[in-house]
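Q: Contents of my_file04.csv (CSV, C-alpha atoms and all ligand atoms):
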```csv
chain,number,residue,atom,x,y,z
A,1,MET,CA,112.3,24.7,-25.0
A,2,ILE,CA,109.3,25.4,-27.2
A,3,LYS,CA,110.1,23.9,-30.5
A,4,PHE,CA,108.9,24.9,-33.9
A,5,SER,CA,107.1,22.0,-35.6
A,6,ASP,CA,108.4,19.1,-33.6
A,7,LEU,CA,107.5,16.2,-35.9
A,8,GLN,CA,108.4,13.5,-33.3
A,9,ASN,CA,105.8,15.0,-31.0
A,10,ILE,CA,103.3,15.7,-33.7
A,11,ASN,CA,103.3,12.1,-34.9
A,12,GLN,CA,103.5,10.6,-31.4
A,13,LYS,CA,99.7,10.4,-31.0
A,14,TYR,CA,99.5,8.4,-34.2
A,15,ALA,CA,102.5,6.1,-33.5
A,16,GLU,CA,100.6,2.9,-32.9
A,17,ALA,CA,98.3,3.2,-35.9
A,18,LEU,CA,101.2,4.3,-38.2
A,19,LYS,CA,103.3,1.3,-37.1
A,20,GLU,CA,100.4,-1.0,-37.8
A,21,ALA,CA,99.9,0.6,-41.2
A,22,ALA,CA,103.5,0.2,-42.1
A,23,ALA,CA,103.6,-3.4,-41.0
A,24,ALA,CA,100.5,-4.2,-43.2
A,25,VAL,CA,102.3,-2.6,-46.2
A,26,ILE,CA,105.5,-4.5,-45.5
A,27,ASP,CA,103.7,-7.8,-45.2
A,28,SER,CA,101.6,-7.2,-48.4
A,29,GLY,CA,104.6,-7.3,-50.7
A,30,ARG,CA,103.0,-4.5,-52.7
A,31,TYR,CA,104.7,-1.1,-52.5
A,32,LEU,CA,103.4,0.7,-55.6
A,33,PHE,CA,100.2,0.5,-57.6
A,34,GLY,CA,98.3,-1.1,-54.7
A,35,LYS,CA,95.0,-0.7,-53.1
A,36,ARG,CA,96.2,1.8,-50.5
A,37,VAL,CA,96.9,4.6,-52.9
A,38,ASN,CA,93.6,3.9,-54.5
A,39,GLU,CA,91.8,4.0,-51.1
A,40,PHE,CA,93.5,7.2,-50.1
A,41,GLU,CA,92.7,8.8,-53.5
A,42,ASN,CA,89.0,7.9,-52.9
A,43,SER,CA,89.1,9.3,-49.4
A,44,LEU,CA,90.8,12.5,-50.5
A,45,ALA,CA,88.3,13.0,-53.4
A,46,ALA,CA,85.4,12.4,-50.9
A,47,TYR,CA,86.9,14.8,-48.3
A,48,THR,CA,87.4,17.5,-50.8
A,49,ASN,CA,84.1,16.8,-52.6
A,50,VAL,CA,85.7,16.5,-56.1
A,51,SER,CA,85.3,13.8,-58.7
A,52,TYR,CA,89.0,12.8,-59.0
A,53,ALA,CA,92.1,12.7,-56.9
A,54,VAL,CA,95.4,11.4,-58.1
A,55,GLY,CA,98.3,10.6,-55.8
A,56,VAL,CA,101.7,11.8,-56.9
A,57,SER,CA,105.2,12.0,-55.4
A,58,ASN,CA,105.1,15.5,-53.9
A,59,GLY,CA,103.5,18.9,-54.1
A,60,LEU,CA,105.8,20.4,-56.7
A,61,ASP,CA,105.1,17.5,-59.0
A,62,ALA,CA,101.3,17.9,-58.4
A,63,LEU,CA,101.5,21.5,-59.6
A,64,ARG,CA,103.9,20.7,-62.5
A,65,LEU,CA,101.8,17.8,-63.7
A,66,ILE,CA,98.6,19.9,-63.7
A,67,LEU,CA,100.3,22.4,-65.9
A,68,LEU,CA,102.0,19.8,-68.1
A,69,ALA,CA,98.6,18.0,-68.5
A,70,TYR,CA,97.2,21.3,-69.9
A,71,VAL,CA,100.1,21.5,-72.3
A,72,GLN,CA,99.8,17.9,-73.3
A,73,THR,CA,96.1,18.3,-74.1
A,74,GLY,CA,96.8,21.4,-76.2
A,75,GLN,CA,95.2,23.9,-73.8
A,76,PHE,CA,98.5,25.7,-73.0
A,77,LYS,CA,101.6,26.0,-75.2
A,78,LYS,CA,105.2,26.6,-74.5
A,79,GLY,CA,105.8,30.3,-73.6
A,80,ASP,CA,102.3,30.9,-72.3
A,81,GLU,CA,102.0,33.0,-69.1
A,82,VAL,CA,100.7,32.0,-65.7
A,83,LEU,CA,100.0,34.5,-63.0
A,84,VAL,CA,101.5,33.5,-59.7
A,85,PRO,CA,101.8,35.3,-56.3
A,86,ALA,CA,105.1,37.0,-55.8
A,87,ASN,CA,104.8,36.2,-52.1
A,88,THR,CA,105.0,32.4,-52.1
A,89,TYR,CA,107.2,29.4,-51.7
A,90,ILE,CA,109.6,28.9,-54.6
A,91,ALA,CA,107.8,25.7,-55.7
A,92,THR,CA,104.9,27.6,-57.1
A,93,LEU,CA,107.2,29.4,-59.6
A,94,LEU,CA,109.3,26.3,-60.3
A,95,SER,CA,106.3,24.3,-61.4
A,96,VAL,CA,105.5,26.9,-64.1
A,97,PHE,CA,109.1,27.1,-65.3
A,98,HIS,CA,109.4,23.3,-65.5
A,99,ALA,CA,106.2,23.1,-67.5
A,100,GLY,CA,107.8,25.4,-70.1
A,101,LEU,CA,105.6,28.3,-69.2
A,102,VAL,CA,106.4,31.8,-67.9
A,103,PRO,CA,105.6,32.9,-64.3
A,104,VAL,CA,104.2,36.4,-64.0
A,105,LEU,CA,104.5,37.7,-60.5
A,106,VAL,CA,101.6,39.5,-58.8
A,107,GLU,CA,102.1,41.5,-55.6
A,108,PRO,CA,100.2,40.5,-52.5
A,109,ASP,CA,97.7,42.3,-50.3
A,110,LEU,CA,99.5,43.4,-47.1
A,111,GLU,CA,96.5,42.4,-45.0
A,112,THR,CA,96.1,38.8,-46.3
A,113,TYR,CA,99.6,38.2,-47.6
A,114,ASN,CA,97.9,36.5,-50.5
A,115,MET,CA,97.7,37.6,-54.2
A,116,ASP,CA,96.0,41.1,-54.5
A,117,PHE,CA,92.9,40.4,-56.5
A,118,ASN,CA,92.8,44.0,-57.6
A,119,LEU,CA,96.1,43.7,-59.5
A,120,ILE,CA,95.2,40.6,-61.5
A,121,GLU,CA,93.4,42.0,-64.4
A,122,SER,CA,96.2,44.5,-65.3
A,123,ARG,CA,98.6,41.5,-65.7
A,124,ILE,CA,96.5,39.6,-68.1
A,125,ASN,CA,97.4,39.6,-71.8
A,126,SER,CA,96.9,37.4,-74.8
A,127,LYS,CA,99.5,34.9,-73.6
A,128,THR,CA,97.9,34.5,-70.1
A,129,LYS,CA,96.5,31.0,-69.6
A,130,ALA,CA,96.1,30.5,-65.9
A,131,ILE,CA,96.3,31.9,-62.4
A,132,ILE,CA,97.8,29.9,-59.6
A,133,LEU,CA,96.2,30.9,-56.3
A,134,VAL,CA,98.3,30.0,-53.2
A,135,HIS,CA,96.4,29.7,-49.9
A,136,LEU,CA,99.5,30.9,-48.1
A,137,TYR,CA,100.0,30.1,-44.4
A,138,GLY,CA,96.6,28.2,-44.5
A,139,ARG,CA,94.4,31.3,-45.3
A,140,VAL,CA,92.0,30.8,-48.2
A,141,CYS,CA,92.9,32.9,-51.2
A,142,TRP,CA,89.6,33.0,-53.2
A,143,ASP,CA,87.0,35.5,-54.4
A,144,SER,CA,83.9,35.2,-56.4
A,145,LYS,CA,85.2,37.6,-59.0
A,146,LEU,CA,88.1,35.2,-59.9
A,147,LYS,CA,85.6,32.9,-61.7
A,148,GLU,CA,84.2,35.9,-63.7
A,149,LEU,CA,87.7,36.9,-64.7
A,150,ALA,CA,88.6,33.4,-65.7
A,151,ASP,CA,85.5,33.1,-67.8
A,152,GLN,CA,86.0,36.5,-69.4
A,153,TYR,CA,89.6,35.8,-70.4
A,154,GLY,CA,89.5,32.0,-70.8
A,155,LEU,CA,91.9,31.2,-67.9
A,156,LYS,CA,92.3,28.1,-65.8
A,157,LEU,CA,92.2,28.7,-62.0
A,158,ILE,CA,94.7,26.4,-60.2
A,159,GLU,CA,95.0,26.1,-56.5
A,160,ASP,CA,98.3,25.5,-54.7
A,161,ASN,CA,96.7,23.9,-51.7
A,162,ALA,CA,100.0,22.8,-50.1
A,163,GLN,CA,99.4,24.9,-47.0
A,164,ALA,CA,95.6,24.9,-46.5
A,165,PHE,CA,94.4,21.3,-46.2
A,166,GLY,CA,90.9,21.4,-44.8
A,167,ALA,CA,90.2,25.1,-45.2
A,168,GLU,CA,86.8,26.2,-46.5
A,169,TRP,CA,85.4,29.0,-48.6
A,170,GLU,CA,81.7,29.4,-48.5
A,171,GLY,CA,81.2,25.7,-47.5
A,172,LEU,CA,83.6,24.5,-50.3
A,173,LYS,CA,86.9,22.9,-49.4
A,174,THR,CA,90.1,24.3,-50.8
A,175,GLY,CA,91.1,21.9,-53.6
A,176,ALA,CA,87.5,22.1,-54.9
A,177,LEU,CA,87.5,25.8,-55.7
A,178,GLY,CA,89.3,26.0,-59.1
A,179,ASP,CA,89.8,23.9,-62.2
A,180,ALA,CA,92.5,21.8,-60.5
A,181,ALA,CA,94.4,21.8,-57.2
A,182,ALA,CA,97.8,20.6,-56.0
A,183,PHE,CA,98.3,19.1,-52.5
A,184,SER,CA,101.6,18.6,-50.7
A,185,PHE,CA,101.8,16.1,-47.9
A,186,PHE,CA,105.4,17.1,-46.9
A,187,PRO,CA,105.8,16.0,-43.2
A,188,THR,CA,105.2,19.5,-41.7
A,189,LYS,CA,102.0,20.3,-43.7
A,190,ASN,CA,98.7,20.1,-41.9
A,191,LEU,CA,98.2,16.7,-43.4
A,192,GLY,CA,101.7,15.4,-43.4
A,193,ALA,CA,103.1,12.1,-44.6
A,194,LEU,CA,106.3,10.5,-43.2
A,195,GLY,CA,108.3,11.4,-46.3
A,196,ASP,CA,107.3,13.0,-49.6
A,197,ALA,CA,103.8,12.8,-51.1
A,198,GLY,CA,101.4,15.0,-53.0
A,199,ALA,CA,98.1,14.8,-54.9
A,200,VAL,CA,96.0,16.5,-57.6
A,201,SER,CA,92.3,17.1,-57.3
A,202,THR,CA,89.9,18.1,-60.0
A,203,ASN,CA,86.4,17.6,-61.5
A,204,ASP,CA,87.9,17.4,-65.0
A,205,GLY,CA,88.1,13.7,-66.0
A,206,GLU,CA,90.4,14.3,-69.0
A,207,LEU,CA,92.8,16.3,-66.8
A,208,ALA,CA,92.8,13.6,-64.1
A,209,SER,CA,93.6,10.9,-66.6
A,210,MET,CA,96.4,12.9,-68.2
A,211,VAL,CA,98.0,13.7,-64.8
A,212,ARG,CA,97.8,10.0,-63.9
A,213,MET,CA,99.4,9.0,-67.2
A,214,LEU,CA,102.1,11.7,-67.0
A,215,SER,CA,102.9,10.5,-63.4
A,216,ASN,CA,103.5,7.0,-64.7
A,217,TYR,CA,105.8,7.3,-67.7
A,218,GLY,CA,103.0,8.4,-70.0
A,219,SER,CA,101.4,5.1,-69.7
A,220,SER,CA,97.9,4.0,-68.5
A,221,GLU,CA,98.3,0.4,-69.8
A,222,LYS,CA,101.4,-1.6,-69.1
A,223,SER,CA,104.1,-1.3,-71.8
A,224,LEU,CA,102.0,1.2,-73.8
A,225,ASN,CA,103.4,4.8,-73.7
A,226,LYS,CA,101.0,7.4,-75.1
A,227,VAL,CA,102.9,10.5,-74.1
A,228,LYS,CA,106.4,11.3,-72.8
A,229,GLY,CA,105.8,11.1,-69.0
A,230,PHE,CA,107.7,11.1,-65.7
A,231,ASN,CA,107.9,8.9,-62.7
A,232,SER,CA,106.0,10.7,-60.0
A,233,ARG,CA,103.8,8.2,-58.2
A,234,MET,CA,102.6,8.0,-54.6
A,235,ASP,CA,104.0,5.1,-52.5
A,236,GLU,CA,101.7,2.6,-50.8
A,237,ILE,CA,103.3,3.2,-47.5
A,238,GLN,CA,102.8,7.0,-47.6
A,239,ALA,CA,99.1,6.4,-48.7
A,240,ALA,CA,98.7,4.1,-45.7
A,241,PHE,CA,100.1,6.7,-43.4
A,242,LEU,CA,98.0,9.5,-44.9
A,243,GLN,CA,94.8,7.4,-44.6
A,244,VAL,CA,95.5,7.1,-40.8
A,245,LYS,CA,96.1,10.9,-40.4
A,246,LEU,CA,93.3,12.0,-42.7
A,247,LYS,CA,90.8,10.8,-40.0
A,248,ILE,CA,92.1,13.3,-37.5
A,249,VAL,CA,93.1,16.2,-39.6
A,250,ASP,CA,89.9,18.2,-38.9
A,251,GLU,CA,90.4,17.8,-35.2
A,252,GLU,CA,94.0,18.9,-35.5
A,253,ASN,CA,93.0,22.0,-37.6
A,254,GLU,CA,90.5,22.8,-34.8
A,255,LEU,CA,93.4,22.6,-32.3
A,256,ARG,CA,95.4,24.9,-34.5
A,257,ARG,CA,92.5,27.4,-34.6
A,258,ASN,CA,92.2,27.4,-30.8
A,259,LEU,CA,95.9,28.1,-30.4
A,260,ALA,CA,95.8,30.8,-33.0
A,261,SER,CA,92.9,32.4,-31.3
A,262,GLN,CA,94.8,32.4,-28.0
A,263,TYR,CA,97.8,34.1,-29.8
A,264,LEU,CA,95.4,36.7,-31.3
A,265,GLU,CA,93.8,37.4,-28.0
A,266,THR,CA,96.9,37.5,-25.9
A,267,ILE,CA,99.7,39.1,-28.0
A,268,CYS,CA,99.6,42.8,-27.5
A,269,HIS,CA,102.7,44.8,-28.6
A,270,PRO,CA,103.0,48.1,-30.5
A,271,GLU,CA,105.9,46.6,-32.7
A,272,ILE,CA,104.0,43.6,-33.8
A,273,VAL,CA,101.3,43.2,-36.5
A,274,LEU,CA,99.1,40.1,-36.0
A,275,PRO,CA,97.5,38.1,-38.8
A,276,LYS,CA,93.9,38.9,-39.6
A,277,ILE,CA,91.1,36.5,-40.5
A,278,ASP,CA,88.3,37.6,-42.7
A,279,GLY,CA,85.3,37.8,-40.4
A,280,ALA,CA,82.9,37.5,-43.3
A,281,LEU,CA,84.4,34.2,-44.4
A,282,GLY,CA,84.4,32.7,-40.9
A,283,ASN,CA,86.6,30.5,-38.9
A,284,LYS,CA,87.1,27.8,-41.4
A,285,SER,CA,88.7,30.1,-44.0
A,286,HIS,CA,92.0,29.6,-42.1
A,287,VAL,CA,93.7,26.4,-41.0
A,288,TRP,CA,96.8,28.1,-39.5
A,289,HIS,CA,99.5,26.1,-41.3
A,290,LEU,CA,101.6,28.9,-39.9
A,291,PHE,CA,101.0,31.7,-37.4
A,292,VAL,CA,102.9,34.6,-39.0
A,293,ILE,CA,103.4,37.9,-37.3
A,294,ARG,CA,105.1,40.9,-38.7
A,295,SER,CA,107.6,43.3,-37.1
A,296,SER,CA,110.1,45.9,-38.3
A,297,GLN,CA,112.3,44.5,-35.6
A,298,ARG,CA,111.9,40.9,-36.8
A,299,ASN,CA,115.6,39.8,-36.5
A,300,LEU,CA,115.9,41.2,-33.0
A,301,LEU,CA,112.7,39.6,-32.0
A,302,GLN,CA,113.7,36.2,-33.4
A,303,GLN,CA,117.0,36.4,-31.5
A,304,TYR,CA,115.2,37.6,-28.3
A,305,LEU,CA,112.9,34.6,-28.5
A,306,ALA,CA,115.7,32.1,-29.3
A,307,GLU,CA,117.6,33.3,-26.2
A,308,ARG,CA,114.4,32.5,-24.2
A,309,GLN,CA,114.1,29.0,-25.6
A,310,ILE,CA,111.4,29.7,-28.1
A,311,GLN,CA,112.1,28.5,-31.7
A,312,THR,CA,110.7,30.5,-34.6
A,313,GLN,CA,111.1,30.3,-38.3
A,314,ILE,CA,110.9,32.7,-41.3
A,315,HIS,CA,108.5,31.9,-44.1
A,316,TYR,CA,110.3,33.1,-46.1
A,317,PRO,CA,113.6,35.1,-45.8
A,318,ILE,CA,114.3,35.7,-49.5
A,319,PRO,CA,111.5,36.3,-52.0
A,320,PRO,CA,111.6,34.1,-55.1
A,321,HIS,CA,112.4,37.0,-57.5
A,322,GLN,CA,115.6,37.8,-55.5
A,323,GLN,CA,116.9,34.3,-55.5
A,324,GLU,CA,120.0,33.5,-57.5
A,325,ALA,CA,118.1,30.8,-59.4
A,326,TRP,CA,115.8,33.5,-61.0
A,327,ALA,CA,118.3,35.7,-62.8
A,328,GLU,CA,115.5,36.6,-65.2
A,329,PHE,CA,113.9,38.6,-62.4
A,330,GLU,CA,117.0,40.6,-61.6
A,331,GLY,CA,116.2,44.2,-60.9
A,332,LEU,CA,112.5,43.5,-60.5
A,333,CYS,CA,111.1,45.6,-57.7
A,334,LEU,CA,108.2,44.2,-55.7
A,335,PRO,CA,108.0,46.4,-52.6
A,336,ILE,CA,105.1,44.7,-50.8
A,337,THR,CA,106.6,41.2,-51.2
A,338,GLU,CA,110.0,42.5,-50.1
A,339,LYS,CA,108.6,44.2,-47.0
A,340,ILE,CA,106.8,41.0,-46.0
A,341,HIS,CA,110.0,38.9,-46.4
A,342,GLN,CA,111.9,41.4,-44.2
A,343,GLU,CA,109.3,41.5,-41.5
A,344,VAL,CA,107.6,38.1,-41.1
A,345,LEU,CA,108.2,35.7,-38.3
A,346,SER,CA,106.4,32.4,-37.8
A,347,LEU,CA,105.6,31.5,-34.1
A,348,PRO,CA,105.4,27.9,-32.9
A,349,LEU,CA,101.9,26.5,-33.7
A,350,ASP,CA,101.2,22.9,-34.2
A,351,PRO,CA,98.6,20.4,-32.7
A,352,SER,CA,101.2,19.0,-30.2
A,353,LEU,CA,101.5,22.4,-28.4
A,354,SER,CA,99.6,23.2,-25.2
A,355,LYS,CA,97.7,26.3,-24.1
A,356,GLU,CA,100.5,26.7,-21.6
A,357,ASP,CA,103.1,26.7,-24.4
A,358,ILE,CA,101.3,29.5,-26.2
A,359,GLU,CA,100.8,31.4,-23.0
A,360,GLU,CA,104.5,31.3,-22.4
A,361,VAL,CA,105.3,32.5,-25.9
A,362,CYS,CA,102.8,35.4,-25.5
A,363,ARG,CA,104.2,36.3,-22.1
A,364,VAL,CA,107.7,36.5,-23.5
A,365,ILE,CA,106.7,38.4,-26.7
A,366,ASN,CA,104.7,41.0,-24.7
A,367,LYS,CA,107.8,41.9,-22.7
A,368,PHE,CA,109.9,42.4,-25.8
A,369,SER,CA,111.5,45.9,-25.8
A,370,VAL,CA,113.4,47.4,-28.7
B,401,LIG,C1,105.3,22.8,-49.5
B,401,LIG,C2,104.8,23.7,-50.6
B,401,LIG,C3,104.9,23.2,-52.0
B,401,LIG,C4,105.6,22.0,-52.4
B,401,LIG,O1,105.4,20.8,-51.8
B,401,LIG,P1,106.4,19.6,-51.8
B,401,LIG,O2,105.6,18.5,-51.4
B,401,LIG,O3,107.5,20.0,-50.8
B,401,LIG,O4,107.0,19.5,-53.2
B,401,LIG,C5,104.3,24.0,-53.0
B,401,LIG,N1,103.8,25.2,-52.7
B,401,LIG,C6,103.7,25.6,-51.4
B,401,LIG,C7,103.0,27.0,-51.2
B,401,LIG,C8,104.2,24.9,-50.4
B,401,LIG,O5,104.2,25.4,-49.1
```
Represent the structure of the file as structure tokens.
A:
Amino acid sequence: MIKFSDLQNINQKYAEALKEAAAAVIDSGRYLFGKRVNEFENSLAAYTNVSYAVGVSNGLDALRLILLAYVQTGQFKKGDEVLVPANTYIATLLSVFHAGLVPVLVEPDLETYNMDFNLIESRINSKTKAIILVHLYGRVCWDSKLKELADQYGLKLIEDNAQAFGAEWEGLKTGALGDAAAFSFFPTKNLGALGDAGAVSTNDGELASMVRMLSNYGSSEKSLNKVKGFNSRMDEIQAAFLQVKLKIVDEENELRRNLASQYLETICHPEIVLPKIDGALGNKSHVWHLFVIRSSQRNLLQQYLAERQIQTQIHYPIPPHQQEAWAEFEGLCLPITEKIHQEVLSLPLDPSLSKEDIEEVCRVINKFSV
């Protein structure tokens, strides 16, 4: 059986170090507001090459707190619009909604699956305050003209970096490209905790302080509440785990790249569209959080693979605008997003898989007949 994202296997190589880290936290008697969150924040800021990193509870909160911090500091107001990719995980849209803002969906480019840069300007109006760029599947979503657009229209550029930890665009790490970025350390992400965790990165000191305050009941000094905040802090134990795994994440991303190259070189099938990397941006512009192929026969292909002991997943089966939760989008037609959701299939790809595993998946896929 070739499993999809087998966390037990993925974390096996860290097991001893993780157990030691957990024991140290248990023995310390300090489970929140300790030195480990601090140390991890410093490591994350150094890795990303930004001035500030703030640990929070999860990736959704990281996004939400960035937006709420802009509201709190008077830069955004209720009802303002934020451009978001139509082809993303639902969290991106939810963060906008929960900050009292309005998500405006932008169709993706069918080659990159990321937001189509050419469509952005037509969606900007006087209420538009920000663009959230999602580096979907681990592929960098960035372009030099974004900065020009942002300057011209006074917009904030926010990265949803949940899926692209360690990716680079022209020598800069994702998380350092825009005005602020949200990280998720959900266990299956490229840098995964052993539970929920997230972080915000930014070079904006005022924003970083506000995010930190909002994440801690609106307080930066014990018993003094300056704003109406939340409880969204990172735990010491997750910070300790993340510090262990941060040391090897580049190595793991390299393993992912090697396995992805093997897929790209070996899968050859008229019914299957392989993911593309942007040659001009180089290898590091993709960290292969997911290896996503496309086929008009997606459901048959998934079943065929399952019958041959190969697990796959769909990221994602139903687009956000067609979810019951988003009644306000009812009737909205986004043909490229919908086509992607009907055709995508994620193949097994994680650092615990071997070349032989990938070879087996390729061999079976190449024999698929419709
Ligand atoms: C995982 C993910 C999130 C949310 O992260 P959580 O830590 O699960 O809250 C946000 N956006 C994208 C694109 C994601 O993949």
Q: Counting all atoms listed in the file, which residues of chain A fall within 8 Å of ligand LIG 401 (chain B), and what is the closest atom pair for each with its distance in Å at one decimal, ordered by chain and rising number, as a tab-separated table?
A:
```
residue	atom	partner	partner_atom	distance
A:Ser57	CA	B:LIG401	O2	7.6
A:Asn58	CA	B:LIG401	O2	3.9
A:Gly59	CA	B:LIG401	O2	3.4
A:Leu60	CA	B:LIG401	O4	3.8
A:Asp61	CA	B:LIG401	O4	6.4
A:Ala62	CA	B:LIG401	O4	7.9
A:Leu63	CA	B:LIG401	C5	7.6
A:Thr88	CA	B:LIG401	C7	5.8
A:Tyr89	CA	B:LIG401	C7	4.9
A:Ile90	CA	B:LIG401	N1	7.1
A:Ala91	CA	B:LIG401	C5	4.7
A:Thr92	CA	B:LIG401	N1	5.1
A:Val134	CA	B:LIG401	C7	5.9
A:His135	CA	B:LIG401	C7	7.2
A:Leu136	CA	B:LIG401	C7	6.1
A:Tyr137	CA	B:LIG401	O5	7.9
A:Asp160	CA	B:LIG401	N1	5.9
A:Asn161	CA	B:LIG401	C7	7.0
A:Ala162	CA	B:LIG401	C8	4.7
A:Gln163	CA	B:LIG401	O5	5.3
A:Ala182	CA	B:LIG401	C5	7.9
A:Phe183	CA	B:LIG401	O1	7.3
A:Ser184	CA	B:LIG401	O2	4.1
A:Phe185	CA	B:LIG401	O2	5.7
A:Phe186	CA	B:LIG401	O2	4.7
A:Lys189	CA	B:LIG401	C1	7.1
A:Asp196	CA	B:LIG401	O2	6.0
A:Ala197	CA	B:LIG401	O2	6.0
A:Gly198	CA	B:LIG401	O2	5.7
```
Q: Name all residues at most 12 Å from Ile248 in chain A (count all atoms listed in the file; drop same-chain ones fewer than 5 positions away) and give them as a PyMOL selection string.
A: chain A and resi 11+13-14+17+166+190-192+241-243+253-255+351
Q: Show me, as a ChimeraX atom specification, the residues that have an atom within 12 Å of range 106-108 of chain A when counting all atoms listed in the file, minus same-chain residues fewer than 3 positions from it.
A: /A:82-88,93,103,111-124,131-136,141,319-321,332-341
Q: What is the distance, in Å and to one decimal place, between CA of Ser144 in chain A and CA of Asp109 in chain A?
A: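 Calculated distance between CA of Ser144 in chain A and CA of Asp109 in chain A is 16.7 Å.
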Q: My list of candidates is A:Asn38, A:Asn49, A:Ile10, A:Lys127. Which is closest to Gly171 in chain A when distances are computed with all atoms listed in the file?
A: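 Nearest to Gly171 in chain A: A:Asn49.
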Q: Using only C-alpha atoms for the distances, tell me which of A:Pro348, A:Gly29, A:Gly79, A:Gly74 is nearest to Glu206 in chain A.
A: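 Of A:Pro348, A:Gly29, A:Gly79, A:Gly74, the one nearest Glu206 in chain A, counting only C-alpha atoms, is A:Gly74.
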Q: Using all atoms listed in the file, can you tell me which of A:Pro187, A:Ser369, A:Ser296, A:Ser285 comes closest to Asp6 in chain A?
A: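 Comparing A:Pro187, A:Ser369, A:Ser296, A:Ser285 against Asp6 in chain A, the winner is A:Pro187.
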Q: Would you please work out which residue, of A:Val37, A:Lys156, A:Leu94, A:Asp80, is nearest to Arg233 in chain A when using all atoms listed in the file?
A: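 Using all atoms listed in the file, the shortest distance to Arg233 in chain A belongs to A:Val37.
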Q: Considering all atoms listed in the file, state which residue in the set A:Leu246, A:Leu65, A:Leu300, A:Leu7 is at the smallest distance from Asn231 in chain A.
A: A:Leu65
Q: Name the residues in contact with Ile26 in chain A at a cut-off of 10 Å, using only C-alpha atoms, excluding same-chain residues fewer than 6 positions from it; report them as an NGL selection string.
A: :A and (20 or 236-237)
Q: If you measure from CA of Leu349 in chain A to CA of Arg294 in chain A, what distance in Å do you get, rounded to one decimal?
A: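 Interatomic distance, CA of Leu349 in chain A to CA of Arg294 in chain A: 15.6 Å.
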Q: Which is closer to Leu347 in chain A than all the others in A:Arg363, A:Phe291, A:Ser223, A:Glu328, using all atoms listed in the file?
A: A:Phe291
Q: Provide the CA of Asp350 in chain A to CA of Leu172 in chain A distance in Å, to one decimal place.
A: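 Answer for the CA of Asp350 in chain A to CA of Leu172 in chain A separation: 23.9 Å.
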Q: At a cut-off of 10 Å from (112.8, 39.1, -30.4) in the coordinates of the file, what residues are picked up using all atoms listed in the file, written as a ChimeraX atom specification?
A: /A:295,297-308,310,312,345,364-365,367-370
Q: Those selected residues, please, written with C-alpha atoms and delivered as a CSV table (one decimal), keeping the file's coordinate frame.
A:
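The new file result08.csv reads:
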```
chain,number,residue,atom,x,y,z
A,295,SER,CA,107.6,43.3,-37.1
A,297,GLN,CA,112.3,44.5,-35.6
A,298,ARG,CA,111.9,40.9,-36.8
A,299,ASN,CA,115.6,39.8,-36.5
A,300,LEU,CA,115.9,41.2,-33.0
A,301,LEU,CA,112.7,39.6,-32.0
A,302,GLN,CA,113.7,36.2,-33.4
A,303,GLN,CA,117.0,36.4,-31.5
A,304,TYR,CA,115.2,37.6,-28.3
A,305,LEU,CA,112.9,34.6,-28.5
A,306,ALA,CA,115.7,32.1,-29.3
A,307,GLU,CA,117.6,33.3,-26.2
A,308,ARG,CA,114.4,32.5,-24.2
A,310,ILE,CA,111.4,29.7,-28.1
A,312,THR,CA,110.7,30.5,-34.6
A,345,LEU,CA,108.2,35.7,-38.3
A,364,VAL,CA,107.7,36.5,-23.5
A,365,ILE,CA,106.7,38.4,-26.7
A,367,LYS,CA,107.8,41.9,-22.7
A,368,PHE,CA,109.9,42.4,-25.8
A,369,SER,CA,111.5,45.9,-25.8
A,370,VAL,CA,113.4,47.4,-28.7
```
Q: Near Asn283 in chain A, within 10 Å and counting all atoms listed in the file, which residues show up once chain neighbours fewer than 4 positions away are dropped, as a ChimeraX atom specification?
A: /A:167-169,254,257,277-279,287
Q: Tell me, as a list in words, which residues lie within 9 Å of Tyr153 in chain A, counting only C-alpha atoms; anything in the same chain fewer than 2 positions away does not count.
A: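 Selected residues are Ile124, Asn125, Ser126, Thr128, Lys129, Glu148, Leu149, Ala150, Asp151 and Leu155 of chain A.
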